Number of protein chains: 4
Amino acid sequence: MPSVAVFGAAGFTGALTARLLFRHPSFELRSVTARSDVGRRLDDLYPHHRVPLTLEELDLDRHADVDAAVVAYPHGAAAPVVAALRERGVRLVDLSADFRLRDAMVYGAWYREHEAPELLEEAVYGLPELYREEIRSADIVANPGCYPTATLLGLAPLARAGLIADVVVDAKSGVSGAGRAATEKTHFVTVDENVAAYGVPRHRHTPEIEQELAELGADVRITFTAHLLPLDQGELVSCYVTPTEDGRGVGLAELEALYAEEFASEPFVELAGGPPGVRDVRETNICRISVHHDERTGRVIVFSVIDNLWKGSASQAVQNLNLMFGLEEGEGIS
Amino acid sequence: MPSVAVFGAAGFTGALTARLLFRHPSFELRSVTARSDVGRRLDDLYPHHRVPLTLEELDLDRHADVDAAVVAYPHGAAAPVVAALRERGVRLVDLSADFRLRDAMVYGAWYREHEAPELLEEAVYGLPELYREEIRSADIVANPGCYPTATLLGLAPLARAGLIADVVVDAKSGVSGAGRAATEKTHFVTVDENVAAYGVPRHRHTPEIEQELAELGADVRITFTAHLLPLDQGELVSCYVTPTEDGRGVGLAELEALYAEEFASEPFVELAGGPPGVRDVRETNICRISVHHDERTGRVIVFSVIDNLWKGSASQAVQNLNLMFGLEEGEGIS
Amino acid sequence: MPSVAVFGAAGFTGALTARLLFRHPSFELRSVTARSDVGRRLDDLYPHHRVPLTLEELDLDRHADVDAAVVAYPHGAAAPVVAALRERGVRLVDLSADFRLRDAMVYGAWYREHEAPELLEEAVYGLPELYREEIRSADIVANPGCYPTATLLGLAPLARAGLIADVVVDAKSGVSGAGRAATEKTHFVTVDENVAAYGVPRHRHTPEIEQELAELGADVRITFTAHLLPLDQGELVSCYVTPTEDGRGVGLAELEALYAEEFASEPFVELAGGPPGVRDVRETNICRISVHHDERTGRVIVFSVIDNLWKGSASQAVQNLNLMFGLEEGEGIS
Amino acid sequence: MPSVAVFGAAGFTGALTARLLFRHPSFELRSVTARSDVGRRLDDLYPHHRVPLTLEELDLDRHADVDAAVVAYPHGAAAPVVAALRERGVRLVDLSADFRLRDAMVYGAWYREHEAPELLEEAVYGLPELYREEIRSADIVANPGCYPTATLLGLAPLARAGLIADVVVDAKSGVSGAGRAATEKTHFVTVDENVAAYGVPRHRHTPEIEQELAELGADVRITFTAHLLPLDQGELVSCYVTPTEDGRGVGLAELEALYAEEFASEPFVELAGGPPGVRDVRETNICRISVHHDERTGRVIVFSVIDNLWKGSASQAVQNLNLMFGLEEGEGIS
């Protein structure tokens, strides 16, 4: 049974990844490390995860002696750890943004100077529905951002069919997406009975979405805006697509057929008859999608929901690990 | 002191209007009627409004003996009551959609056949920031929808300046906007920890927004989509504007100047430095707006928040009544 | 593999029971019936449960041809169905209150006249931690109420040790406990940002708790009060115990030892170091308990949390079914 | 017009006090000081309060030149500021616990050593319903804690009538009661969909309640437990009273008469027919109370709700200031 470690398990996504791997039938979770809360037990920090392991300070000599790793570090801090793990031959999934963008210049423009650009080439973008085969043999899998996951799954059929001329993405997320740090932004009294946009007009998930849309055939600049909602877990992206000339004659029935065909054999994508709610996918690895046609304006409207901590991060990481180690794709996350 | 009655005071907006008028220094609230809950006291139904009046069954002979009325009936049911009140010479504000659309055909296409089309011509669209002078002398004021209120105030400066080529409006509303009816849709367990779009792709507020944008100079078909959020009161509209050719060179500073000038003397419009939250305007008659420029795509992004029960309905009705009766515009709602 | 049916699967607890049994490795869920929503699919009503079965109208000739049943009918309506199932030899768990009270007179005083009093004697109170052996051979298991489940587990060690002279139970519940019916009470706008007691001073779970406390050795009249909270699933009972004379000298260490011993081998009871939160047990069959000693007043304070839909109803029903059919107690609910 | 300053206006209660005084018709709010956020404008920190003043660093030479002050400092930090203000002859309301307990030894046992014990004697406990006359002439008014406010108003009639032998108080509060500090405890994800007790078994409001119950005639040791709820503002205390021998024969009608008489002329106390909800008093200075009798156990149950930021702190401070300066008691807070 392959052994695995989670580096950065004190945060929301790292801790959930640890829970999923602790109960996974085909991985052995050997250790969990953290930068804060070292010495505390995970089931003390997160009683509902029920993982009776103690958070340790990272010691690569001890902790890197595993077959696989999940790195749950903040952007920028992940790259050096990933590089160190690769030197030791550990295959890994990185939850940060550090290996999602293929171009170090783009990364530099939206984040900061990249600290391990030489590894970008070998990283595979970890959206199984788009890169399943590449992931199987990858050593570095860059787990997608939560918004890109929902957006790309929602738009992939249109992008592949060459139907997207322009797109506005209005995203709504629960507070767990902002992470565990206690700040004015995550204070209950700030969020409760409230809704507001943030990160306007340059949200960092924008280039990631554009990069992958281009790969799918839609070379467009998108408008992407995120909003914080008074709920815990869950994310909805509402996509407003202006069709290409080819797409103008495409009606609802054709759109629905397009989506049905695209996702026919996908175990973790569901098509809904009406607009899906984030509750429909809470604590699952599922992305649920509906497609609509506004005859008055010709626009195609797509709604896509995920659980930002699950398919948007932790369970998708496990889905990737399953692929990397030749296991059944849904093991431990169904 | 002018006397006033509220017809349909058992619902959320009617009851709040009754509260505002009951405490209004220059109106005498003479009676409240309802279709359900007749015989119950308003302060039993809505303790926090503290209005010690009993809901009566409508009897025009008795209840229409007032100087002014607010009609808080559902769409379709309002028109006959409005007609009856006008016959008796009562000046009124109608909270329904029945007199917002100037064209009975358009009303018919989005709602149902209009029952008093002959009165459409004399109705004034009750958005004081756009029709202040007309409202002063109007006998029928059609109180705007909540979404149109927020959207039109957010887009008016751009529309007037001829900068709007196309617009996508993504609206988010609290549950009070769905009214008092207890249904699966308003059940706590349905809404809590959830978010989903509804009324896709033909929300009835669409033609109302288009009608008024055209009046302002932007003759466009819009994409309007509403979402239900797990909060009580509050509404945010996120507007994604593709500028006209004239607008493409307009930068953030010019946009901010445009908005500052437009609203300089408006008592109930605020400009915010960053994206506003609905909490900022809770239980107020204020609309709070921010404007942004996405240099990458050229889009102008506008956020606009109101309290759907206040500026989106009840307090705006009182603002209109104040204007109609020559009072200070903010009396009783500041 | 034993076959099973769920009668009354349109409500919250019936639907969740259906989900747990549909995925249960050792039961075959053969049919789901309902009184409303007949003809609708469960995964349409409850997308997140993902049970692709259609709700049927009850037809005992067809639906009672199973080894086991779960009856999820309202109080009063359950008894006749239970009687009919027993006539056909079906072993069952009843989620209603109809078979929890051993005395038909007490049932009559708190609910209504009992329609199948002759079956009361053979019913076993389905709290596995108290009646594990009796449940194994029972044909009718009366699944406990949610509040009694949390309260009895929280107080059992004290009751058995003869330490309870008097007890006040202040209970707090999420809205799912009020059921699926859309009423003013369950409207989002009623519950959100609110908290209030209900059913004061005679909540129907009172005699059930008193009956079982007496069995445990504490023959007391309790004060039990329930409050509705703005959350979905979860229930906390705060128990304030005035100790008997024997109990006055008992300190915190002894109390903790008492609890540790009582629950040492219970798979679904957890002891917490500090006051537990309902989040700690969300979507689990676990009851989490903490015990405290107030030296100033001599009172013992016990907090006990469960998920009202899970351990408070559906998963406890499955736990009982597992026992009845000789399966591992935690199968399908761990 | 008396001038006033708010010291410590960056926190929730200080900021709300500043808002109420800024709009107060008979006070002139001259300055607001803070320990953090110096230099920021209050309407930037709290847009919904709309107070266009800048937070200044405390400089007694400048800021103490006022007729009145409200001190909104943490416990312990308030005493020295109060002493300094008194030296300069400023009359004040202190929102902290520093002058609520008359006995410096008791204060020391529950908080820390008192830094200005010589002033304790001249402080008046600022619950107007109990100390109206003393407050009028007081120079130091110790604004009550939020829980004591709700509890004492709820129990005063019983205490005065000599009916309380023992009492358990189970209190539930919104998160704003925990203050503005961003901590794990106030993180949205911790609180949302959760409820738990805290400060068990020695909550600091206990001796304050006991002190005042004794003044009213009930010399008892109480059990007081607080719980944190997923809501913003609002507080409910559920009081379970074991009556004295005199009280055992007192029925519901007598209890209701007792309460009606006690509060007949109180402008800010309401009696409710059923259990009140915190929504009923949101953003008001009102305490709403219901009294119940459990015939089975003989217990009297009292529910009392307030808005913890309003009657529980800021608006009660203004009520006290109104009394101290001979104004109408409800000015600026009705």
# chains A, B, ... in the order shown; residues from 1 in each chain; ligands from 1
$ closest_atom_pairs --of "chain C" --to "chain D" --cutoff "6 Å" --atoms "only C-alpha atoms" --output "JSON lines"
{"residue": "C:Glu193", "atom": "CA", "partner": "D:Leu231", "partner_atom": "CA", "distance": 4.9}
{"residue": "C:Asn194", "atom": "CA", "partner": "D:Arg279", "partner_atom": "CA", "distance": 5.3}
{"residue": "C:Val195", "atom": "CA", "partner": "D:Gly277", "partner_atom": "CA", "distance": 5.4}
{"residue": "C:Ala196", "atom": "CA", "partner": "D:Gly277", "partner_atom": "CA", "distance": 4.5}
{"residue": "C:Ala197", "atom": "CA", "partner": "D:Pro275", "partner_atom": "CA", "distance": 5.7}
{"residue": "C:Pro201", "atom": "CA", "partner": "D:Asp294", "partner_atom": "CA", "distance": 5.5}
{"residue": "C:Leu231", "atom": "CA", "partner": "D:Glu193", "partner_atom": "CA", "distance": 4.9}
{"residue": "C:Pro275", "atom": "CA", "partner": "D:Ala197", "partner_atom": "CA", "distance": 5.7}
{"residue": "C:Pro276", "atom": "CA", "partner": "D:Ala196", "partner_atom": "CA", "distance": 5.9}
{"residue": "C:Gly277", "atom": "CA", "partner": "D:Ala196", "partner_atom": "CA", "distance": 4.5}
{"residue": "C:Val278", "atom": "CA", "partner": "D:Asn194", "partner_atom": "CA", "distance": 5.4}
{"residue": "C:Arg279", "atom": "CA", "partner": "D:Asn194", "partner_atom": "CA", "distance": 5.3}
{"residue": "C:Asp294", "atom": "CA", "partner": "D:Pro201", "partner_atom": "CA", "distance": 5.5}
$ write_last_selection --atoms "C-alpha atoms" --output "mmCIF file, in the first residue's frame"
data_model
loop_
_atom_site.group_PDB
_atom_site.id
_atom_site.type_symbol
_atom_site.label_atom_id
_atom_site.label_comp_id
_atom_site.auth_asym_id
_atom_site.auth_seq_id
_atom_site.Cartn_x
_atom_site.Cartn_y
_atom_site.Cartn_z
ATOM 1 C CA GLU C 193 -30.972 35.704 12.971
ATOM 2 C CA ASN C 194 -33.433 34.449 15.536
ATOM 3 C CA VAL C 195 -33.745 32.103 18.481
ATOM 4 C CA ALA C 196 -36.800 31.365 20.599
ATOM 5 C CA ALA C 197 -38.206 28.611 22.775
ATOM 6 C CA PRO C 201 -43.967 24.240 29.080
ATOM 7 C CA LEU C 231 -29.046 26.194 11.614
ATOM 8 C CA PRO C 275 -18.304 21.772 25.607
ATOM 9 C CA PRO C 276 -18.964 20.053 22.264
ATOM 10 C CA GLY C 277 -20.466 21.821 19.260
ATOM 11 C CA VAL C 278 -23.063 20.357 16.949
ATOM 12 C CA ARG C 279 -20.627 20.744 14.058
ATOM 13 C CA ASP C 294 -19.904 23.782 39.183
#
$ residues_around --residues "range 50-59 of chain A" --least-positions-apart "4" --cutoff "9 Å" --atoms "only C-alpha atoms" --output "list in words"
Phe7, Gly8, Ala9, Ala10, Ala15, Ala18, Arg19, Phe22, Arg23, Ser31, Val32, Thr33, Ala34, Arg35, Ser36, Asp37, Val38, Gly39, Arg40, Arg41, Leu42, Asp43, Asp44, Tyr46, His63 and Ala64 of chain A
$ residues_around --residues "Asn322 in chain D" --least-positions-apart "4" --cutoff "10 Å" --atoms "only C-alpha atoms" --output "compact mmCIF listing (two decimals) with N, CA, C and O atoms, in the first residue's frame"
# COMPACT_ATOMS: atom_id res chain seq x y z
N SER D 26 -29.82 65.87 21.48
CA SER D 26 -29.45 66.72 22.62
C SER D 26 -28.04 66.50 23.15
O SER D 26 -27.71 66.97 24.23
N PHE D 27 -27.24 65.76 22.41
CA PHE D 27 -25.82 65.68 22.76
C PHE D 27 -24.99 66.06 21.54
O PHE D 27 -25.41 65.81 20.41
N ILE D 135 -29.31 56.94 39.11
CA ILE D 135 -28.57 57.25 37.88
C ILE D 135 -28.64 58.75 37.57
O ILE D 135 -27.67 59.35 37.10
N ARG D 136 -29.79 59.35 37.84
CA ARG D 136 -29.95 60.78 37.51
C ARG D 136 -28.83 61.64 38.08
O ARG D 136 -28.35 62.57 37.45
N GLN D 316 -28.37 51.28 25.98
CA GLN D 316 -28.58 51.43 27.42
C GLN D 316 -27.65 52.52 27.98
O GLN D 316 -28.03 53.27 28.89
N ALA D 317 -26.45 52.61 27.44
CA ALA D 317 -25.55 53.69 27.86
C ALA D 317 -26.16 55.05 27.54
O ALA D 317 -26.09 55.99 28.35
N VAL D 318 -26.78 55.17 26.38
CA VAL D 318 -27.41 56.44 26.02
C VAL D 318 -28.64 56.70 26.91
O VAL D 318 -28.88 57.83 27.34
N GLY D 326 -30.84 64.86 32.57
CA GLY D 326 -32.20 65.40 32.68
C GLY D 326 -32.99 65.41 31.38
O GLY D 326 -33.96 66.15 31.23
N LEU D 327 -32.58 64.57 30.45
CA LEU D 327 -33.30 64.51 29.17
C LEU D 327 -34.42 63.46 29.24
O LEU D 327 -34.48 62.68 30.19
N GLU D 328 -35.22 63.47 28.22
CA GLU D 328 -36.25 62.42 28.11
C GLU D 328 -35.52 61.09 27.93
O GLU D 328 -34.61 60.96 27.10
N GLU D 329 -35.93 60.10 28.70
CA GLU D 329 -35.17 58.86 28.81
C GLU D 329 -34.94 58.15 27.47
O GLU D 329 -33.93 57.48 27.27
N GLY D 330 -35.89 58.30 26.55
CA GLY D 330 -35.78 57.57 25.30
C GLY D 330 -35.20 58.38 24.14
O GLY D 330 -35.18 57.90 23.00
N GLU D 331 -34.71 59.56 24.43
CA GLU D 331 -34.21 60.41 23.34
C GLU D 331 -33.06 59.73 22.59
O GLU D 331 -32.11 59.25 23.19
N GLY D 332 -33.17 59.74 21.29
CA GLY D 332 -32.09 59.20 20.48
C GLY D 332 -32.01 57.69 20.41
O GLY D 332 -31.14 57.15 19.71
N ILE D 333 -32.89 56.99 21.10
CA ILE D 333 -32.81 55.52 21.08
C ILE D 333 -34.17 54.87 20.87
O ILE D 333 -34.33 53.66 21.10
$ residues_around --residues "His205 in chain D" --least-positions-apart "5" --cutoff "7 Å" --atoms "only C-alpha atoms" --output "list in words"
Gly145, Tyr147 and Pro148 of chain D
$ write_last_selection --atoms "N, CA and C atoms" --output "tab-separated table (two decimals), in the first residue's frame"
chain	number	residue	atom	x	y	z
D	145	GLY	N	-23.64	44.35	32.23
D	145	GLY	CA	-23.33	43.38	31.19
D	145	GLY	C	-24.58	43.02	30.43
D	147	TYR	N	-25.75	39.96	29.46
D	147	TYR	CA	-26.51	38.87	30.09
D	147	TYR	C	-27.20	39.34	31.36
D	148	PRO	N	-26.49	40.06	32.26
D	148	PRO	CA	-27.19	40.56	33.46
D	148	PRO	C	-28.39	41.44	33.13
$ select_by_dssp --residues "range 65-243 of chain C" --states "helix (DSSP H, G or I)" --output "number ranges by chain"
C: 78-87, 104-110, 117-122, 128-136, 146-160, 175-178, 184-186, 188-191, 206-216
$ residues_around --residues "Val81 in chain D" --least-positions-apart "6" --cutoff "10 Å" --atoms "only C-alpha atoms" --output "list in words"
Phe7, Leu58, Leu60, Val71, Tyr73, Glu87, Asp94 and Ala116 of chain D
$ residues_around --residues "range 244-253 of chain B" --least-positions-apart "5" --cutoff "6 Å" --atoms "only C-alpha atoms" --output "list of chain:residue names"
B:Leu163, B:Ile164, B:Ala165, B:His293
$ atom_distance --atom1 "CA of Asp61 in chain B" --atom2 "CA of Gln319 in chain B"
27.1 Å
